[in-house]
file upload_25.cif (mmCIF, C-alpha atoms and all ligand atoms)
data_model
loop_
_atom_site.label_atom_id
_atom_site.label_comp_id
_atom_site.auth_asym_id
_atom_site.auth_seq_id
_atom_site.Cartn_x
_atom_site.Cartn_y
_atom_site.Cartn_z
CA MET T 1229 -14.47 -22.62 -2.57
CA ALA T 1230 -10.90 -22.77 -3.77
CA ILE T 1231 -11.51 -25.16 -6.54
CA LEU T 1232 -8.62 -27.25 -7.38
CA GLY T 1233 -7.18 -27.36 -3.93
CA SER T 1234 -3.47 -27.87 -3.60
CA SER T 1235 -3.81 -31.63 -3.34
CA ALA T 1236 -5.91 -31.90 -6.48
CA LEU T 1237 -3.29 -29.89 -8.32
CA LYS T 1238 -0.55 -32.18 -7.09
CA SER T 1239 -2.29 -35.17 -8.58
CA ASP T 1240 -2.55 -33.53 -12.00
CA SER T 1241 0.88 -33.14 -13.48
CA SER T 1242 -0.27 -30.67 -16.15
CA LYS T 1243 -1.68 -28.42 -13.39
CA LYS T 1244 -4.61 -27.70 -15.68
CA PRO T 1245 -8.18 -27.81 -14.41
CA THR T 1246 -10.05 -30.65 -16.07
CA GLN T 1247 -13.29 -28.76 -16.48
CA THR T 1248 -14.04 -25.06 -16.64
CA ILE T 1249 -17.49 -23.49 -16.98
CA GLY T 1250 -18.41 -19.83 -17.28
CA PHE T 1251 -21.91 -18.43 -16.65
CA ILE T 1252 -21.84 -15.12 -18.43
CA GLU T 1253 -24.58 -12.57 -19.16
CA ASP T 1254 -23.17 -10.58 -22.12
CA ALA T 1255 -21.60 -11.44 -25.47
CA ASP T 1256 -18.47 -9.25 -25.07
CA THR T 1257 -17.40 -10.93 -21.84
CA GLU T 1258 -18.24 -14.33 -23.29
CA ALA T 1259 -15.93 -13.64 -26.25
CA VAL T 1260 -13.04 -12.72 -23.93
CA LEU T 1261 -13.59 -15.89 -21.90
CA ARG T 1262 -13.52 -18.06 -24.99
CA GLN T 1263 -10.26 -16.43 -26.17
CA VAL T 1264 -8.58 -16.96 -22.81
CA PHE T 1265 -9.77 -20.57 -22.55
CA GLU T 1266 -8.23 -21.12 -25.97
CA GLN T 1267 -4.94 -19.43 -25.04
CA LEU T 1268 -4.67 -21.45 -21.83
CA ARG T 1269 -5.59 -24.60 -23.76
CA LEU T 1270 -8.07 -25.65 -21.10
CA PRO T 1271 -9.04 -29.24 -21.89
CA SER T 1272 -12.77 -29.05 -21.33
CA ASN T 1273 -14.54 -25.75 -21.18
CA ASP T 1274 -17.91 -24.22 -21.79
CA VAL T 1275 -19.58 -20.84 -21.53
CA MET T 1276 -23.27 -20.75 -20.71
CA LYS T 1277 -25.62 -17.81 -20.82
CA GLY T 1278 -26.65 -16.54 -17.40
CA GLY T 1279 -25.34 -15.66 -13.98
CA VAL T 1280 -25.27 -17.00 -10.47
CA LYS T 1281 -28.89 -18.28 -10.51
CA GLN T 1282 -28.27 -20.37 -13.64
CA ALA T 1283 -25.04 -21.66 -12.10
CA ILE T 1284 -26.93 -22.75 -8.97
CA SER T 1285 -29.58 -24.61 -10.94
CA TYR T 1286 -26.89 -26.28 -13.07
CA LEU T 1287 -24.88 -27.35 -10.01
CA LYS T 1288 -27.93 -28.83 -8.30
CA ASP T 1289 -28.09 -31.48 -11.02
CA ASN T 1290 -24.47 -31.85 -12.12
CA ARG T 1291 -21.04 -32.54 -10.65
CA SER T 1292 -19.13 -29.29 -10.14
CA PRO T 1293 -16.43 -28.40 -12.66
CA ASN T 1294 -12.96 -27.66 -11.24
CA PHE T 1295 -13.20 -24.04 -12.28
CA LEU T 1296 -16.19 -21.70 -12.35
CA LEU T 1297 -16.48 -18.15 -13.67
CA ILE T 1298 -19.65 -16.46 -12.56
CA ASP T 1299 -21.12 -13.19 -13.77
CA VAL T 1300 -22.95 -11.37 -10.97
CA SER T 1301 -23.82 -8.23 -13.02
CA ASN T 1302 -27.55 -8.97 -12.92
CA SER T 1303 -27.54 -10.01 -9.30
CA GLU T 1304 -29.10 -7.58 -6.84
CA MET T 1305 -27.49 -9.25 -3.85
CA PRO T 1306 -24.23 -10.76 -5.14
CA LEU T 1307 -22.99 -11.76 -1.70
CA SER T 1308 -26.03 -13.76 -0.68
CA ASP T 1309 -26.22 -15.26 -4.18
CA VAL T 1310 -22.57 -16.36 -4.04
CA ASN T 1311 -23.23 -17.77 -0.59
CA ALA T 1312 -26.14 -19.80 -2.00
CA LEU T 1313 -23.83 -20.97 -4.79
CA ALA T 1314 -21.34 -22.23 -2.21
CA GLU T 1315 -24.04 -24.48 -0.77
CA VAL T 1316 -24.49 -26.43 -3.99
CA CYS T 1317 -20.92 -26.19 -5.27
CA GLU T 1318 -18.37 -28.84 -4.27
CA PRO T 1319 -15.95 -27.34 -1.76
CA GLY T 1320 -12.81 -27.73 -3.88
CA VAL T 1321 -14.05 -25.60 -6.79
CA LYS T 1322 -12.22 -22.39 -7.61
CA VAL T 1323 -14.57 -19.56 -8.39
CA ILE T 1324 -13.76 -16.30 -10.16
CA VAL T 1325 -16.58 -13.76 -9.87
CA ILE T 1326 -17.12 -11.17 -12.58
CA GLY T 1327 -19.19 -8.06 -11.93
CA GLU T 1328 -19.79 -4.42 -12.78
CA ARG T 1329 -19.24 -2.83 -9.37
CA ASN T 1330 -15.74 -1.58 -8.74
CA ASP T 1331 -16.17 -1.81 -5.00
CA ILE T 1332 -13.39 -2.77 -2.61
CA GLY T 1333 -15.94 -3.72 0.09
CA LEU T 1334 -17.60 -6.20 -2.24
CA PHE T 1335 -14.18 -7.56 -3.28
CA ARG T 1336 -13.20 -8.13 0.34
CA ASP T 1337 -16.52 -9.76 1.24
CA LEU T 1338 -16.32 -12.11 -1.74
CA MET T 1339 -12.78 -13.10 -0.77
CA GLY T 1340 -14.11 -13.78 2.71
CA LEU T 1341 -16.56 -16.28 1.19
CA GLY T 1342 -13.66 -18.18 -0.38
CA VAL T 1343 -13.93 -16.76 -3.91
CA THR T 1344 -10.57 -16.92 -5.74
CA ASP T 1345 -10.78 -13.53 -7.47
CA TYR T 1346 -13.17 -10.73 -8.38
CA LEU T 1347 -12.83 -9.08 -11.79
CA VAL T 1348 -14.64 -5.94 -12.94
CA LYS T 1349 -16.15 -5.47 -16.41
CA PRO T 1350 -15.35 -4.53 -19.12
CA MET T 1351 -13.41 -7.79 -19.19
CA ASN T 1352 -9.80 -7.48 -20.17
CA GLN T 1353 -8.09 -10.48 -21.76
CA ASP T 1354 -4.75 -9.95 -20.00
CA LEU T 1355 -6.31 -9.56 -16.61
CA LEU T 1356 -8.48 -12.63 -16.96
CA GLN T 1357 -5.56 -14.69 -18.21
CA ARG T 1358 -3.37 -13.59 -15.29
CA SER T 1359 -6.12 -14.28 -12.77
CA MET T 1360 -6.83 -17.73 -14.17
CA THR T 1361 -3.16 -18.65 -14.40
CA ALA T 1362 -2.62 -17.63 -10.78
CA ALA T 1363 -5.61 -19.74 -9.75
CA ILE T 1364 -4.40 -22.75 -11.75
CA GLU T 1365 -0.91 -22.45 -10.32
CA GLY T 1366 -2.39 -22.11 -6.84
CA GLN T 1367 -0.97 -18.62 -6.44
CA SER T 1368 -4.11 -16.55 -6.13
CA SER T 1369 -4.09 -13.89 -3.46
CA ASN T 1370 -6.93 -15.75 -1.78
CA ARG T 1371 -5.11 -19.06 -1.46
CA GLY T 1372 -5.43 -19.12 2.32
CA LYS T 1373 -9.18 -18.90 2.22
CA ALA T 1374 -9.73 -22.17 0.41
CA ARG T 1375 -13.12 -23.60 1.30
CA THR T 1376 -13.01 -27.23 2.18
CA GLY T 1377 -15.46 -29.83 3.43
CA LYS T 1378 -16.07 -30.45 7.12
CA VAL T 1379 -14.74 -33.45 8.98
CA VAL T 1380 -17.23 -34.83 11.51
CA THR T 1381 -16.19 -37.76 13.72
CA PHE T 1382 -18.45 -40.27 15.47
CA TYR T 1383 -17.30 -42.21 18.48
CA GLY T 1384 -19.37 -44.46 20.69
CA ALA T 1385 -18.74 -44.22 24.43
CA ARG T 1386 -19.41 -47.97 24.30
CA GLY T 1387 -19.78 -50.55 21.57
CA GLY T 1388 -23.24 -51.07 20.09
CA VAL T 1389 -24.76 -47.76 21.24
CA GLY T 1390 -25.90 -46.80 17.72
CA THR T 1391 -22.90 -44.81 16.45
CA THR T 1392 -22.99 -46.17 12.90
CA THR T 1393 -26.77 -45.83 12.80
CA LEU T 1394 -26.49 -42.13 13.69
CA LEU T 1395 -23.70 -41.50 11.17
CA ALA T 1396 -25.39 -43.34 8.29
CA ASN T 1397 -28.70 -41.58 8.83
CA LEU T 1398 -27.16 -38.13 9.16
CA GLY T 1399 -25.35 -38.87 5.89
CA PHE T 1400 -28.66 -39.78 4.29
CA ILE T 1401 -30.43 -36.61 5.50
CA LEU T 1402 -27.57 -34.23 4.67
CA SER T 1403 -27.30 -35.60 1.15
CA GLU T 1404 -30.82 -36.57 0.15
CA LYS T 1405 -32.81 -33.93 2.00
CA ILE T 1406 -30.38 -31.02 2.36
CA GLY T 1407 -28.56 -31.56 -0.93
CA ARG T 1408 -24.94 -31.66 0.32
CA ARG T 1409 -22.29 -34.01 -1.02
CA VAL T 1410 -21.43 -36.43 1.77
CA VAL T 1411 -18.91 -39.23 2.18
CA LEU T 1412 -19.10 -41.83 4.95
CA LEU T 1413 -15.69 -43.15 5.96
CA ASP T 1414 -15.34 -46.31 8.07
CA LEU T 1415 -12.01 -46.25 9.84
CA ASP T 1416 -12.53 -49.64 11.41
CA LEU T 1417 -10.77 -51.47 8.62
CA THR T 1418 -11.35 -54.97 9.99
CA CYS T 1419 -14.63 -55.00 11.93
CA GLY T 1420 -16.50 -51.90 10.74
CA ASP T 1421 -20.05 -52.57 9.62
CA LEU T 1422 -20.75 -49.34 7.77
CA GLY T 1423 -20.25 -51.08 4.43
CA LEU T 1424 -22.71 -53.77 5.42
CA MET T 1425 -25.22 -51.19 6.61
CA MET T 1426 -24.94 -49.18 3.37
CA GLY T 1427 -24.79 -52.27 1.16
CA VAL T 1428 -21.46 -51.33 -0.43
CA ASP T 1429 -18.47 -53.44 -1.41
CA SER T 1430 -15.24 -53.42 0.50
CA VAL T 1431 -12.60 -51.21 -1.14
CA ARG T 1432 -9.65 -53.19 -2.42
CA GLY T 1433 -6.27 -51.72 -1.63
CA MET T 1434 -7.53 -49.25 0.96
CA SER T 1435 -5.44 -50.51 3.86
CA GLU T 1436 -2.39 -50.67 1.60
CA ALA T 1437 -3.00 -47.07 0.52
CA LEU T 1438 -3.45 -45.96 4.13
CA ARG T 1439 -0.20 -47.66 5.13
CA THR T 1440 1.84 -46.04 2.41
CA PRO T 1441 1.79 -42.27 1.86
CA GLY T 1442 1.71 -41.10 -1.77
CA ARG T 1443 -1.00 -43.43 -3.07
CA ILE T 1444 -4.17 -41.53 -2.35
CA ASP T 1445 -5.21 -39.00 -4.94
CA ALA T 1446 -8.33 -38.03 -6.87
CA ARG T 1447 -7.94 -41.09 -9.12
CA PHE T 1448 -7.74 -43.47 -6.16
CA LEU T 1449 -10.96 -41.96 -4.82
CA GLU T 1450 -12.72 -42.23 -8.16
CA ARG T 1451 -11.94 -45.94 -8.12
CA SER T 1452 -12.73 -46.54 -4.49
CA LEU T 1453 -15.80 -44.49 -3.57
CA SER T 1454 -19.06 -46.44 -3.59
CA ALA T 1455 -22.16 -44.50 -4.52
CA CYS T 1456 -25.07 -44.91 -2.08
CA GLY T 1457 -27.13 -42.11 -3.61
CA GLN T 1458 -26.75 -39.18 -5.98
CA ARG T 1459 -24.69 -37.22 -3.45
CA LEU T 1460 -23.95 -39.89 -0.84
CA PHE T 1461 -20.79 -42.02 -1.02
CA ALA T 1462 -19.05 -44.50 1.27
CA LEU T 1463 -15.51 -45.72 1.75
CA ALA T 1464 -15.29 -48.93 3.74
CA THR T 1465 -13.22 -52.08 3.75
CA GLU T 1466 -13.16 -55.48 5.43
CA GLU T 1467 -9.58 -56.54 6.00
CA PRO T 1468 -8.81 -60.00 7.43
CA TYR T 1469 -8.83 -60.16 11.26
CA ASN T 1470 -5.17 -61.11 11.42
CA GLU T 1471 -4.03 -58.24 9.17
CA LYS T 1472 -1.89 -55.74 11.06
CA ILE T 1473 -2.78 -52.32 9.76
CA GLU T 1474 -0.77 -49.31 10.73
CA ILE T 1475 -2.29 -46.26 9.14
CA ALA T 1476 0.35 -43.66 8.29
CA THR T 1477 -0.78 -40.25 9.49
CA ALA T 1478 0.59 -38.70 6.26
CA ALA T 1479 -1.59 -41.06 4.20
CA MET T 1480 -4.59 -40.13 6.35
CA ASP T 1481 -3.82 -36.46 5.64
CA GLU T 1482 -3.85 -37.22 1.92
CA LEU T 1483 -7.15 -39.02 2.16
CA VAL T 1484 -8.83 -36.22 4.11
CA GLU T 1485 -7.34 -33.47 1.93
CA ASN T 1486 -8.69 -35.17 -1.18
CA LEU T 1487 -12.11 -35.84 0.31
CA GLU T 1488 -12.34 -32.24 1.55
CA GLN T 1489 -12.10 -31.03 -2.03
CA GLN T 1490 -15.06 -33.06 -3.20
CA PHE T 1491 -17.44 -33.30 -0.28
CA HIS T 1492 -19.22 -30.89 2.00
CA TYR T 1493 -19.18 -33.44 4.83
CA ILE T 1494 -16.80 -36.26 5.68
CA LEU T 1495 -18.51 -38.37 8.34
CA VAL T 1496 -15.97 -40.65 10.02
CA ASP T 1497 -16.90 -43.80 11.95
CA LEU T 1498 -14.00 -44.18 14.39
CA PRO T 1499 -12.95 -47.64 15.59
CA ARG T 1500 -13.01 -48.54 19.29
CA ARG T 1501 -9.24 -48.67 19.43
CA LEU T 1502 -7.86 -45.35 18.29
CA ASP T 1503 -4.46 -45.28 16.64
CA ASP T 1504 -2.48 -42.12 15.88
CA ALA T 1505 -4.46 -41.51 12.70
CA GLY T 1506 -7.76 -41.75 14.62
CA VAL T 1507 -6.52 -39.36 17.32
CA GLN T 1508 -5.33 -36.98 14.61
CA LEU T 1509 -8.79 -37.00 12.99
CA LEU T 1510 -10.48 -36.44 16.34
CA SER T 1511 -8.37 -33.40 16.98
CA ALA T 1512 -8.80 -32.04 13.43
CA ALA T 1513 -12.57 -32.60 13.24
CA GLU T 1514 -14.85 -29.61 13.22
CA THR T 1515 -17.59 -31.52 15.05
CA ARG T 1516 -17.07 -34.58 17.25
CA PHE T 1517 -20.10 -36.67 18.15
CA ILE T 1518 -19.93 -38.84 21.23
CA VAL T 1519 -22.76 -41.37 21.24
CA VAL T 1520 -23.91 -42.61 24.64
CA GLU T 1521 -26.69 -44.72 26.10
CA PRO T 1522 -28.54 -44.05 29.36
CA SER T 1523 -26.55 -46.44 31.53
CA LEU T 1524 -24.03 -46.22 34.37
CA ALA T 1525 -21.41 -47.93 32.25
CA SER T 1526 -21.92 -45.27 29.60
CA VAL T 1527 -21.42 -42.53 32.22
CA ARG T 1528 -18.08 -44.03 33.21
CA ASP T 1529 -16.91 -44.41 29.61
CA THR T 1530 -18.06 -40.93 28.62
CA ILE T 1531 -16.06 -39.37 31.47
CA ARG T 1532 -12.94 -41.25 30.37
CA LEU T 1533 -13.52 -40.44 26.73
CA LEU T 1534 -14.10 -36.72 27.26
CA ASP T 1535 -10.94 -36.66 29.32
CA MET T 1536 -9.00 -38.36 26.53
CA ILE T 1537 -10.16 -36.09 23.69
CA GLY T 1538 -9.60 -32.92 25.69
CA LYS T 1539 -11.08 -29.45 25.36
CA ASP T 1540 -12.48 -28.15 22.08
CA ARG T 1541 -10.19 -25.81 20.21
CA ILE T 1542 -11.64 -22.61 18.76
CA GLY T 1543 -14.30 -23.40 16.15
CA GLN T 1544 -14.56 -27.02 17.24
CA ARG T 1545 -17.59 -28.64 18.93
CA THR T 1546 -18.04 -31.87 20.84
CA LEU T 1547 -21.68 -32.97 20.93
CA VAL T 1548 -23.08 -35.70 23.16
CA VAL T 1549 -25.98 -37.70 21.71
CA MET T 1550 -27.93 -39.95 24.03
CA ASN T 1551 -29.45 -42.82 22.09
CA HIS T 1552 -32.33 -44.79 23.63
CA ARG T 1553 -31.37 -47.85 21.67
CA GLU T 1554 -33.31 -50.17 23.92
CA GLY T 1555 -37.03 -49.82 24.43
CA ASN T 1556 -37.19 -50.81 28.09
CA SER T 1557 -35.89 -48.51 30.79
CA LYS T 1558 -34.40 -51.33 32.90
CA GLY T 1559 -31.01 -50.24 34.14
CA ALA T 1560 -31.42 -46.86 32.47
CA ILE T 1561 -30.55 -43.60 34.14
CA THR T 1562 -32.19 -40.26 33.42
CA GLU T 1563 -30.62 -37.55 31.29
CA ALA T 1564 -30.39 -35.30 34.36
CA MET T 1565 -28.47 -37.99 36.26
CA PHE T 1566 -26.21 -38.54 33.28
CA GLU T 1567 -25.50 -34.83 32.91
CA GLU T 1568 -24.79 -34.40 36.59
CA SER T 1569 -22.42 -37.36 36.74
CA VAL T 1570 -20.54 -36.48 33.56
CA GLY T 1571 -20.47 -32.77 34.31
CA ARG T 1572 -21.74 -31.62 30.93
CA LYS T 1573 -25.01 -31.48 29.07
CA VAL T 1574 -26.45 -33.99 26.65
CA ASP T 1575 -26.88 -32.08 23.38
CA PHE T 1576 -29.34 -34.35 21.59
CA VAL T 1577 -31.59 -37.26 22.48
CA LEU T 1578 -32.58 -40.04 20.09
CA PRO T 1579 -35.74 -41.95 21.04
CA PHE T 1580 -36.13 -45.71 20.67
CA SER T 1581 -37.64 -46.80 17.38
CA LYS T 1582 -39.06 -50.26 16.82
CA THR T 1583 -38.60 -49.89 13.08
CA ALA T 1584 -34.95 -48.80 13.30
CA MET T 1585 -33.65 -52.31 13.05
CA SER T 1586 -35.90 -53.59 10.27
CA ALA T 1587 -35.42 -50.36 8.32
CA LEU T 1588 -31.68 -50.87 8.24
CA ASN T 1589 -31.88 -54.57 7.53
CA ALA T 1590 -34.00 -53.78 4.52
CA GLY T 1591 -31.32 -51.36 3.37
CA VAL T 1592 -33.58 -48.38 3.95
CA ALA T 1593 -32.42 -45.45 6.01
CA ILE T 1594 -34.49 -44.93 9.15
CA SER T 1595 -34.67 -41.28 8.27
CA SER T 1596 -36.59 -41.97 5.06
CA LYS T 1597 -39.62 -42.93 7.20
CA PRO T 1598 -41.50 -40.40 9.32
CA GLY T 1599 -41.47 -40.82 13.09
CA PRO T 1600 -39.96 -39.43 16.29
CA LEU T 1601 -36.49 -40.88 15.59
CA THR T 1602 -36.46 -39.31 12.12
CA ASP T 1603 -37.54 -35.98 13.64
CA ALA T 1604 -34.66 -36.16 16.11
CA LEU T 1605 -32.17 -37.03 13.36
CA ASN T 1606 -33.44 -34.10 11.28
CA VAL T 1607 -32.76 -31.76 14.19
CA ILE T 1608 -29.15 -32.91 14.39
CA ALA T 1609 -28.68 -32.64 10.61
CA ASP T 1610 -30.10 -29.11 10.66
CA ASP T 1611 -27.72 -28.19 13.44
CA LEU T 1612 -24.75 -29.57 11.49
CA SER T 1613 -25.68 -27.79 8.29
CA GLY T 1614 -26.39 -24.50 10.05
CA ARG T 1615 -30.10 -24.60 9.22
CA ALA T 1616 -31.14 -24.84 12.87
CA ALA T 1617 -30.68 -21.10 13.31
CA ASN T 1618 -33.59 -20.51 10.93
CA SER T 1619 -35.89 -23.09 12.41
CA SER T 1620 -38.08 -22.75 15.47
CA SER T 1621 -40.41 -25.69 15.12
CA THR T 1622 -41.65 -27.41 18.24
CA TRP T 1623 -40.08 -30.78 17.40
CA ARG T 1624 -36.73 -29.05 17.29
CA LYS T 1625 -37.20 -27.96 20.89
CA LEU T 1626 -38.15 -31.50 21.85
CA PHE T 1627 -34.92 -33.14 20.73
CA LYS T 1628 -32.34 -30.39 21.01
CA LYS T 1629 -31.39 -29.99 24.62
CA GLY T 1630 -30.42 -26.78 26.37
N1 LIG N 1701 -32.78 -45.38 18.49
C1 LIG N 1701 -32.75 -46.67 18.20
N2 LIG N 1701 -33.85 -47.44 18.37
C2 LIG N 1701 -33.82 -48.75 18.11
N3 LIG N 1701 -32.77 -49.42 17.66
C3 LIG N 1701 -31.63 -48.72 17.45
C4 LIG N 1701 -31.56 -47.33 17.72
N4 LIG N 1701 -30.31 -46.90 17.43
C5 LIG N 1701 -29.64 -47.99 17.00
N5 LIG N 1701 -30.41 -49.08 17.02
C6 LIG N 1701 -30.02 -50.45 16.66
O1 LIG N 1701 -28.93 -50.83 17.50
C7 LIG N 1701 -28.05 -51.72 16.82
C8 LIG N 1701 -26.63 -51.24 16.95
O2 LIG N 1701 -26.47 -50.07 16.21
P1 LIG N 1701 -25.10 -49.66 15.53
O3 LIG N 1701 -24.54 -50.76 14.74
O4 LIG N 1701 -25.35 -48.36 14.88
O5 LIG N 1701 -24.22 -49.44 16.83
P2 LIG N 1701 -22.66 -49.12 16.91
O6 LIG N 1701 -22.49 -48.29 18.11
O7 LIG N 1701 -22.18 -48.57 15.64
O8 LIG N 1701 -22.08 -50.58 17.13
P3 LIG N 1701 -20.53 -51.07 17.04
O9 LIG N 1701 -19.90 -50.69 18.33
O10 LIG N 1701 -20.65 -52.54 16.84
O11 LIG N 1701 -19.92 -50.37 15.86
C9 LIG N 1701 -28.54 -51.76 15.38
O12 LIG N 1701 -29.25 -52.94 15.19
C10 LIG N 1701 -29.48 -50.57 15.26
O13 LIG N 1701 -30.51 -50.78 14.33
MG MG N 1702 -20.57 -49.18 14.44
#
call {"tool": "encode", "arguments": {"input": "upload_25.cif", "output": "structure tokens"}}
result
Amino acid sequence: MAILGSSALKSDSSKKPTQTIGFIEDADTEAVLRQVFEQLRLPSNDVMKGGVKQAISYLKDNRSPNFLLIDVSNSEMPLSDVNALAEVCEPGVKVIVIGERNDIGLFRDLMGLGVTDYLVKPMNQDLLQRSMTAAIEGQSSNRGKARTGKVVTFYGARGGVGTTTLLANLGFILSEKIGRRVVLLDLDLTCGDLGLMMGVDSVRGMSEALRTPGRIDARFLERSLSACGQRLFALATEEPYNEKIEIATAAMDELVENLEQQFHYILVDLPRRLDDAGVQLLSAAETRFIVVEPSLASVRDTIRLLDMIGKDRIGQRTLVVMNHREGNSKGAITEAMFEESVGRKVDFVLPFSKTAMSALNAGVAISSKPGPLTDALNVIADDLSGRAANSSSTWRKLFKKG
């Protein structure tokens, strides 16, 4: 939850956060906050009455400020409350927690959650000013723990297996049903059909920005992101077929660093032909989906693909999703045969849905309509967001393998 991450600071020459909000329980602390905001000349700031619960309800309906100060004095379980706050707060936000307990254990645990600093009441003007200045300058002791969004890549073992369908629908569920901020990124700059599927315009200047490091910052994103919902955004472009696009890996770093500050999930649709930037994203991703179909050709391509992307590093997962994109079983092989031939398990199975096609053509996400395919997509979204651990419903067992 390191608010203004380093990249956001770079793009703001004044190094000042653009919006600061405090949720404070008592008048004395509020007065100190207001004085310090004034001294630091913070451009847009506000102090609201309340604590972590009020902050959570505010953040559910509003964009996160760059800087948050949260009073946990009235919170019985500050750690779990701050954890709940992290779920609604954009990842790039810097959070200073203010409390009454002078407890080193609590301090350490809060730092572990990505909080920038923990200050104990009674609030001291000097201390608050020093803590805020360090956070603004990016010199807080907890710099290394910055919380950022998760990169999730999607790659089809073959063309047409339903990769974009899976990605778009997971984006819909994670944002609309689970409340996370999600961006869908189509890295196929010439032939990608994510934009078409989501009904968004092609971004002008995206390939130019990806070719030339130094162009992508928060302002570029503000201009380029297309809203597909309150918390769902897409970045897609349709460059001419004959355009030669060489994405600079440094520009890709900039793009991802900026997106990671604003979104909980960055879902990347990878093109069939991977360039260096695509390979770099695959190796950096926290979760890598491989979408397959139940066919012999898919077995062959999955073996080659798994070989190419290599073993997962610590904390990384590669998940195989078998999509029954075609209703008939002609030429299909069973999951057991697939698993045996490939030498690894299929993690999730998506059933065929007659309405999948018409739902998308009508611009409606499949997952907004009930049915077995929606159930299966919900299981995957729960797994991604960590909610699966709390769920034991029978439909979960049906679609999650192993
Ligand atoms: N489970 C399913 N049941 C029925 N139809 C499906 C299913 N999954 C995907 N489809 C349909 O299959 C078609 C191809 O899907 P999609 O475009 O997502 O594939 P893709 O792998 O991204 O293709 P490409 O390689 O061209 O990018 C779409 O018309 C989609 O609606
Ligand atoms: Mg696709």
call {"tool": "residues_around", "arguments": {"input": "upload_25.cif", "residues": "range 1503-1520 of chain T", "least_positions_apart": "2", "cutoff": "6 Å", "atoms": "all atoms listed in the file", "output": "compact mmCIF listing (two decimals) with C-alpha atoms, in the frame of the given file"}}
result
# COMPACT_ATOMS: atom_id res chain seq x y z
CA VAL T 1379 -14.74 -33.45 8.98
CA VAL T 1380 -17.23 -34.83 11.51
CA THR T 1381 -16.19 -37.76 13.72
CA PHE T 1382 -18.45 -40.27 15.47
CA TYR T 1383 -17.30 -42.21 18.48
CA GLY T 1384 -19.37 -44.46 20.69
CA ALA T 1385 -18.74 -44.22 24.43
CA THR T 1391 -22.90 -44.81 16.45
CA THR T 1477 -0.78 -40.25 9.49
CA SER T 1526 -21.92 -45.27 29.60
CA GLN T 1544 -14.56 -27.02 17.24
CA ARG T 1545 -17.59 -28.64 18.93
CA THR T 1546 -18.04 -31.87 20.84
CA LEU T 1547 -21.68 -32.97 20.93
CA VAL T 1548 -23.08 -35.70 23.16
CA VAL T 1549 -25.98 -37.70 21.71
CA MET T 1550 -27.93 -39.95 24.03
call {"tool": "closest_atom_pairs", "arguments": {"input": "upload_25.cif", "of": "chain T", "to": "ligand LIG 1701 (chain N)", "cutoff": "10 Å", "atoms": "all atoms listed in the file", "output": "CSV"}}
result
residue,atom,partner,partner_atom,distance
T:Phe1382,CA,N:LIG1701,O7,9.1
T:Tyr1383,CA,N:LIG1701,O6,8.0
T:Gly1384,CA,N:LIG1701,O6,5.6
T:Ala1385,CA,N:LIG1701,O6,8.4
T:Arg1386,CA,N:LIG1701,O9,6.6
T:Gly1387,CA,N:LIG1701,O9,3.2
T:Gly1388,CA,N:LIG1701,O8,3.2
T:Val1389,CA,N:LIG1701,O6,3.9
T:Gly1390,CA,N:LIG1701,O5,3.3
T:Thr1391,CA,N:LIG1701,O6,3.9
T:Thr1392,CA,N:LIG1701,O7,3.7
T:Thr1393,CA,N:LIG1701,O4,3.6
T:Leu1394,CA,N:LIG1701,O4,6.4
T:Leu1395,CA,N:LIG1701,O4,8.0
T:Ala1396,CA,N:LIG1701,O4,8.3
T:Asn1397,CA,N:LIG1701,O4,9.7
T:Asp1414,CA,N:LIG1701,O11,9.9
T:Asp1416,CA,N:LIG1701,O11,8.7
T:Cys1419,CA,N:LIG1701,O11,8.1
T:Gly1420,CA,N:LIG1701,O11,6.3
T:Asp1421,CA,N:LIG1701,O11,6.6
T:Leu1422,CA,N:LIG1701,O7,8.0
T:Leu1424,CA,N:LIG1701,O3,10.0
T:Met1425,CA,N:LIG1701,O3,8.2
T:Asp1497,CA,N:LIG1701,O7,8.0
T:Leu1498,CA,N:LIG1701,O11,8.7
T:Pro1499,CA,N:LIG1701,O11,7.5
T:Arg1500,CA,N:LIG1701,O9,7.3
T:Val1519,CA,N:LIG1701,O6,7.6
T:Val1520,CA,N:LIG1701,O6,8.8
T:Glu1521,CA,N:LIG1701,N4,9.6
T:Met1550,CA,N:LIG1701,N1,9.1
T:Asn1551,CA,N:LIG1701,N1,5.5
T:His1552,CA,N:LIG1701,N1,5.2
T:Arg1553,CA,N:LIG1701,C1,3.9
T:Glu1554,CA,N:LIG1701,C2,6.0
T:Gly1555,CA,N:LIG1701,C2,7.2
T:Val1577,CA,N:LIG1701,N1,9.1
T:Leu1578,CA,N:LIG1701,N1,5.6
T:Pro1579,CA,N:LIG1701,N1,5.2
T:Phe1580,CA,N:LIG1701,N2,3.7
T:Ser1581,CA,N:LIG1701,N2,4.0
T:Lys1582,CA,N:LIG1701,C2,5.6
T:Thr1583,CA,N:LIG1701,C2,7.0
T:Ala1584,CA,N:LIG1701,N3,4.9
T:Met1585,CA,N:LIG1701,O13,3.7
T:Ser1586,CA,N:LIG1701,O13,7.3
T:Ala1587,CA,N:LIG1701,O13,7.8
T:Leu1588,CA,N:LIG1701,O13,6.2
T:Asn1589,CA,N:LIG1701,O13,7.9
T:Ile1594,CA,N:LIG1701,O13,8.8
T:Pro1600,CA,N:LIG1701,N1,9.6
T:Leu1601,CA,N:LIG1701,N1,6.5
T:Thr1602,CA,N:LIG1701,N1,9.5
T:Ala1604,CA,N:LIG1701,N1,9.7
T:Leu1605,CA,N:LIG1701,N1,9.8
call {"tool": "closest_residue", "arguments": {"input": "upload_25.cif", "among": "T:Arg1447, T:Asp1299, T:Thr1440, T:Gly1423", "to": "ligand MG 1702 (chain N)", "atoms": "all atoms listed in the file"}}
result
T:Gly1423
